[in-house]
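A.B. asks: Sending over a structure as structure tokens; questions will come in a sec.
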Amino acid sequence: TLFRSTKMAAFLGAAGPECISFGQNMTTLNFSLSRAIGRVLQPGDEVLITQLDHEGNRGPWLALRDQGIIVREVRLTAAGVLDYDDLERKLNERTRLVAMGWASNILGTINDVMRVRAMTYQTGAWLLLDAVHYAPHFSMDVQAVGCDFLLCSGYKYYGPHVGILYAKPGLLDRLPADRL
């Protein structure tokens with residue numbers, strides 16, 4: 001497992017293998033992560049998702065509404081890209097997480113994650129990237145992007161049927177996770 005974690009850390013541009021977790025698939029890992037994050041959120045805290053995201057990055061966060069977490073959705077423009085002005089309007093001091101895809105599985109849209117990262121830095125919100133549809137086509141450097149979490153699936157780029165979760169060093173240690 002250390003060998004695989006080391007190789008995956010290099011693939012993602014992570015600081016080291018301690019940043020990598022494996023699971024059954026991306027969606028299962030994301031549900032586990034959302035439950036862990038949900039345990040540190042308070043009713044009234046907000047999570048932003050987008051209309052461009054795959055269900056594997058929407059369902060886990062929508063499930064937090066049962067705990068009083070407000071899940072807000074960033075709109076798409078008519079051109080099929082994220083409405084970054086809408087995102088900026090919805091991002092506020094109560095936003096704890098922005099969960100978004102790096103690339104759309106439906107339209108092929110590649111989101112400007114650096115622009116969103118700059119916005120989330122201003123409010124202190126975590127940034128989670130779903131890279132399932134980005135990873136097979138482009139190189140990634142999670143440290144350069146500065147994302148807090150990134151999820152992808154090995155089988156999308158001819159690897160084993162496994163989900164991969166990257167978390168910034170020490171971040172998972174701060175979350176009451178069941179299995180991450």
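Chain identifiers are assigned as A, B, and so on, following the order in which chains appear in the structure tokens; residues are numbered from 1 within each chain, and ligands are numbered from 1 in order of appearance.
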Just asking: which residues within region 13-136 of chain A are helix (DSSP H, G or I) according to DSSP, as number ranges by chain?
C.D. replies: A: 17-19, 26-38, 55-57, 59-67, 84-90, 113-123
A.B. asks: Give me, as a compact mmCIF listing (two decimals) with N, CA, C and O atoms, in the first residue's frame, all polymer residues having an atom no more than 12 Å from Val98 (chain A), counting only C-alpha atoms and skipping those fewer than 3 positions away in the same chain.
C.D. replies:
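Output file part_7.txt is given in full below:
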```txt
# COMPACT_ATOMS: atom_id res chain seq x y z
N SER A 34 -17.76 13.32 3.48
CA SER A 34 -18.85 14.25 3.82
C SER A 34 -19.38 13.99 5.23
O SER A 34 -19.70 14.93 5.95
N ASP A 45 -24.06 26.36 8.80
CA ASP A 45 -22.87 26.39 7.97
C ASP A 45 -23.28 26.03 6.54
O ASP A 45 -24.30 25.36 6.32
N GLU A 46 -22.48 26.47 5.58
CA GLU A 46 -22.85 26.29 4.18
C GLU A 46 -21.79 25.51 3.39
O GLU A 46 -20.60 25.62 3.65
N VAL A 47 -22.29 24.75 2.43
CA VAL A 47 -21.48 24.04 1.44
C VAL A 47 -21.97 24.48 0.08
O VAL A 47 -23.18 24.54 -0.16
N LEU A 48 -21.05 24.79 -0.82
CA LEU A 48 -21.41 25.13 -2.19
C LEU A 48 -21.08 23.96 -3.10
O LEU A 48 -19.98 23.40 -3.02
N ILE A 49 -22.04 23.60 -3.94
CA ILE A 49 -21.84 22.62 -5.01
C ILE A 49 -22.24 23.32 -6.31
O ILE A 49 -22.67 24.47 -6.28
N THR A 50 -22.09 22.65 -7.43
CA THR A 50 -22.43 23.31 -8.69
C THR A 50 -23.40 22.45 -9.51
O THR A 50 -23.49 21.24 -9.33
N ASP A 53 -21.76 19.52 -11.60
CA ASP A 53 -21.12 18.37 -10.99
C ASP A 53 -21.85 17.05 -11.22
O ASP A 53 -23.07 17.00 -11.34
N ASN A 57 -20.33 13.90 -6.62
CA ASN A 57 -19.88 15.07 -5.89
C ASN A 57 -21.04 15.98 -5.50
O ASN A 57 -20.84 17.11 -5.09
N ARG A 58 -22.24 15.52 -5.66
CA ARG A 58 -23.42 16.28 -5.23
C ARG A 58 -24.14 15.57 -4.09
O ARG A 58 -24.40 16.16 -3.05
N TRP A 61 -22.89 15.77 -0.37
CA TRP A 61 -23.05 17.09 0.27
C TRP A 61 -24.52 17.43 0.47
O TRP A 61 -24.89 18.01 1.49
N VAL A 71 -26.91 23.75 1.81
CA VAL A 71 -26.19 23.40 0.59
C VAL A 71 -26.73 24.30 -0.51
O VAL A 71 -27.91 24.26 -0.84
N ARG A 72 -25.85 25.13 -1.03
CA ARG A 72 -26.22 26.07 -2.08
C ARG A 72 -25.58 25.63 -3.39
O ARG A 72 -24.50 25.04 -3.39
N GLU A 73 -26.26 25.95 -4.47
CA GLU A 73 -25.84 25.46 -5.78
C GLU A 73 -25.44 26.63 -6.68
O GLU A 73 -26.19 27.59 -6.84
N VAL A 74 -24.25 26.53 -7.27
CA VAL A 74 -23.76 27.53 -8.20
C VAL A 74 -24.32 27.21 -9.58
O VAL A 74 -24.23 26.07 -10.04
N LEU A 87 -21.07 32.21 -8.06
CA LEU A 87 -20.27 31.57 -7.02
C LEU A 87 -19.77 32.62 -6.03
O LEU A 87 -19.87 32.44 -4.82
N GLU A 88 -19.25 33.72 -6.55
CA GLU A 88 -18.72 34.77 -5.67
C GLU A 88 -19.81 35.37 -4.79
O GLU A 88 -19.58 35.66 -3.62
N LYS A 90 -22.49 33.81 -3.72
CA LYS A 90 -22.94 32.81 -2.74
C LYS A 90 -21.88 32.46 -1.70
O LYS A 90 -22.21 31.98 -0.62
N LEU A 91 -20.64 32.69 -2.01
CA LEU A 91 -19.54 32.41 -1.09
C LEU A 91 -19.54 33.49 0.00
O LEU A 91 -19.51 34.67 -0.30
N ASN A 92 -19.60 33.06 1.26
CA ASN A 92 -19.66 34.03 2.35
C ASN A 92 -18.96 33.47 3.59
O ASN A 92 -18.40 32.38 3.55
N ARG A 94 -20.06 32.08 6.11
CA ARG A 94 -20.62 30.81 6.61
C ARG A 94 -20.24 29.62 5.73
O ARG A 94 -20.49 28.48 6.09
N THR A 95 -19.65 29.89 4.56
CA THR A 95 -19.26 28.81 3.65
C THR A 95 -18.05 28.09 4.22
O THR A 95 -17.02 28.70 4.48
N GLY A 101 -16.39 19.98 -9.46
CA GLY A 101 -15.63 19.18 -10.40
C GLY A 101 -14.56 20.03 -11.08
O GLY A 101 -14.74 21.23 -11.28
N TRP A 102 -13.46 19.38 -11.41
CA TRP A 102 -12.42 20.07 -12.16
C TRP A 102 -12.78 20.08 -13.64
O TRP A 102 -12.50 21.03 -14.36
N VAL A 113 -10.26 26.32 -11.56
CA VAL A 113 -10.11 26.01 -10.13
C VAL A 113 -9.19 27.00 -9.42
O VAL A 113 -9.36 27.24 -8.22
N VAL A 116 -11.39 29.86 -8.38
CA VAL A 116 -12.21 29.48 -7.23
C VAL A 116 -11.35 29.36 -5.97
O VAL A 116 -11.75 29.79 -4.89
N ARG A 117 -10.14 28.82 -6.11
CA ARG A 117 -9.25 28.72 -4.94
C ARG A 117 -8.98 30.10 -4.37
O ARG A 117 -8.99 30.29 -3.16
N ALA A 118 -8.74 31.08 -5.23
CA ALA A 118 -8.50 32.44 -4.75
C ALA A 118 -9.71 32.96 -3.97
O ALA A 118 -9.56 33.61 -2.93
N MET A 119 -10.91 32.65 -4.45
CA MET A 119 -12.13 33.08 -3.75
C MET A 119 -12.26 32.39 -2.40
O MET A 119 -12.63 33.03 -1.41
N THR A 120 -11.97 31.10 -2.36
CA THR A 120 -12.15 30.37 -1.09
C THR A 120 -11.12 30.78 -0.05
O THR A 120 -11.41 30.75 1.15
N TYR A 121 -9.94 31.18 -0.50
CA TYR A 121 -8.94 31.67 0.45
C TYR A 121 -9.47 32.90 1.20
O TYR A 121 -9.17 33.09 2.36
N THR A 123 -12.44 33.54 2.20
CA THR A 123 -13.42 33.22 3.26
C THR A 123 -12.94 32.11 4.18
O THR A 123 -13.60 31.83 5.17
N GLY A 124 -11.83 31.47 3.85
CA GLY A 124 -11.33 30.37 4.66
C GLY A 124 -12.03 29.05 4.40
O GLY A 124 -11.87 28.10 5.15
N ALA A 125 -12.80 28.97 3.32
CA ALA A 125 -13.50 27.72 2.99
C ALA A 125 -12.54 26.70 2.39
O ALA A 125 -11.59 27.05 1.69
N TRP A 126 -12.80 25.44 2.69
CA TRP A 126 -12.05 24.36 2.05
C TRP A 126 -12.48 24.22 0.60
O TRP A 126 -13.63 24.50 0.25
N LEU A 127 -11.57 23.74 -0.23
CA LEU A 127 -11.88 23.46 -1.63
C LEU A 127 -11.68 21.97 -1.89
O LEU A 127 -10.59 21.44 -1.66
N LEU A 128 -12.73 21.33 -2.35
CA LEU A 128 -12.69 19.92 -2.73
C LEU A 128 -12.89 19.84 -4.23
O LEU A 128 -13.83 20.42 -4.77
N LEU A 129 -11.99 19.13 -4.91
CA LEU A 129 -12.07 18.96 -6.35
C LEU A 129 -12.37 17.51 -6.69
O LEU A 129 -11.69 16.60 -6.23
N ASP A 130 -13.39 17.32 -7.52
CA ASP A 130 -13.68 16.03 -8.11
C ASP A 130 -12.90 16.00 -9.42
O ASP A 130 -13.24 16.71 -10.37
N CYS A 147 -5.68 22.91 -3.38
CA CYS A 147 -6.95 22.31 -2.93
C CYS A 147 -6.73 21.58 -1.61
O CYS A 147 -5.63 21.12 -1.31
N ASP A 148 -7.80 21.49 -0.84
CA ASP A 148 -7.74 20.79 0.44
C ASP A 148 -8.00 19.30 0.27
O ASP A 148 -7.43 18.49 1.00
N PHE A 149 -8.88 18.98 -0.67
CA PHE A 149 -9.22 17.58 -0.97
C PHE A 149 -9.33 17.44 -2.48
O PHE A 149 -9.74 18.36 -3.18
N LEU A 150 -9.00 16.25 -2.96
CA LEU A 150 -9.20 15.92 -4.37
C LEU A 150 -9.55 14.44 -4.43
O LEU A 150 -8.95 13.62 -3.73
```
A.B. asks: Excluding Cys19 (chain A) and its own-chain neighbours fewer than 5 positions away, which residues fall within 10 Å of it when counting only C-alpha atoms? Please give them as a PDB file with C-alpha atoms, in the first residue's frame.
C.D. replies:
```
ATOM      1  CA  SER A   5       0.377   5.636  -2.020  1.00  0.00           C
ATOM      2  CA  THR A   6       3.823   6.922  -3.003  1.00  0.00           C
ATOM      3  CA  MET A   8      -0.332   8.157  -6.362  1.00  0.00           C
ATOM      4  CA  ALA A   9       1.186  11.054  -4.390  1.00  0.00           C
ATOM      5  CA  ALA A  14       1.033  15.595  -3.263  1.00  0.00           C
ATOM      6  CA  PHE A 149      -9.221  17.583  -0.975  1.00  0.00           C
ATOM      7  CA  LEU A 165      -8.716  10.690  -1.932  1.00  0.00           C
ATOM      8  CA  TYR A 166      -6.030  13.315  -1.519  1.00  0.00           C
ATOM      9  CA  ALA A 167      -6.151  15.457   1.632  1.00  0.00           C
ATOM     10  CA  LYS A 168      -3.731  18.205   2.586  1.00  0.00           C
ATOM     11  CA  PRO A 169      -1.172  16.990   5.123  1.00  0.00           C
ATOM     12  CA  GLY A 170      -2.756  16.658   8.580  1.00  0.00           C
ATOM     13  CA  LEU A 171      -6.240  17.661   7.449  1.00  0.00           C
ATOM     14  CA  LEU A 172      -7.803  14.213   7.836  1.00  0.00           C
TER      15      LEU A 172
END
```
A.B. asks: Between A:Gln122, A:Ala177, A:Asp85, A:Ala10, which one has atoms that come closest to Gly38 (chain A), using only C-alpha atoms?
C.D. replies: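 Using only C-alpha atoms, Gly38 (chain A) sits closest to A:Ala177.
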A.B. asks: So which residues touch Leu41 (chain A) within 10 Å, counting only C-alpha atoms, skipping near sequence neighbours fewer than 2 positions away, as an MDAnalysis selection string?
C.D. replies: chainID A and resid 35:39 43:47 64 67:69 96:97
A.B. asks: Which value, in Å to one decimal, gives the distance between CA of Cys152 (chain A) and CA of Ala78 (chain A)?
C.D. replies: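 CA of Ala78 (chain A) lies 27.4 Å from CA of Cys152 (chain A).
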A.B. asks: Determine the nearest neighbour of Ala103 (chain A) from the options A:Leu76, A:Val81, A:Ala63, A:Val142, counting only C-alpha atoms.
C.D. replies: A:Val81
A.B. asks: Contacts of Asp141 (chain A) at 9 Å or less, counting only C-alpha atoms, minus same-chain residues fewer than 4 places along, as a ChimeraX atom specification?
C.D. replies: /A:10-14,145-146
A.B. asks: For the residues in that selection, give me C-alpha atoms as a CSV table (one decimal), in the first residue's frame.
C.D. replies:
```
chain,number,residue,atom,x,y,z
A,10,ALA,CA,3.7,11.6,-7.3
A,11,PHE,CA,0.8,11.4,-9.8
A,12,LEU,CA,-1.2,14.1,-8.0
A,13,GLY,CA,1.7,16.2,-7.0
A,14,ALA,CA,1.0,15.6,-3.3
A,145,VAL,CA,-3.6,24.4,-6.9
A,146,GLY,CA,-3.8,24.5,-3.1
```
A.B. asks: Do you know which residues are at most 10 Å from Gly80 (chain A) counting only C-alpha atoms, after dropping those on the same chain fewer than 5 positions away, and could you put them as a PDB file with C-alpha atoms, in the first residue's frame?
C.D. replies:
```pdb
ATOM      1  CA  GLN A  51     -24.990  22.422 -11.340  1.00  0.00           C
ATOM      2  CA  LEU A  52     -22.101  21.104 -13.423  1.00  0.00           C
ATOM      3  CA  ARG A  75     -25.515  28.041 -11.520  1.00  0.00           C
ATOM      4  CA  SER A 104     -17.472  18.043 -16.433  1.00  0.00           C
ATOM      5  CA  ILE A 106     -21.293  15.845 -19.513  1.00  0.00           C
ATOM      6  CA  LEU A 107     -20.034  18.943 -21.314  1.00  0.00           C
ATOM      7  CA  GLY A 108     -16.263  18.600 -21.036  1.00  0.00           C
ATOM      8  CA  THR A 109     -16.094  22.024 -19.401  1.00  0.00           C
TER       9      THR A 109
END
```
A.B. asks: Once DSSP has gone over the backbone, tell me which residues of chain A are in strand (DSSP E or B), as an MDAnalysis selection string.
C.D. replies: chainID A and resid 20:23 46:50 70:74 76 82 95:101 103 110 126:130 149:153 163:167
A.B. asks: Would you work out the distance separating CA of Phe138 (chain A) from CA of Ile20 (chain A), expressed in Å to one decimal?
C.D. replies: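 Computing the Euclidean distance for CA of Phe138 (chain A) and CA of Ile20 (chain A) yields 19.0 Å.
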A.B. asks: Hey, can you check how far CA of Ala135 (chain A) sits from CA of Asn105 (chain A)?
C.D. replies: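 These atoms are spaced 11.7 Å apart.
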A.B. asks: For Phe31 (chain A), which of A:Met114, A:Ile70, A:Leu151, A:Ala144 is the closest residue, counting only C-alpha atoms?
C.D. replies: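 Of all the options, A:Leu151 lies closest to Phe31 (chain A).
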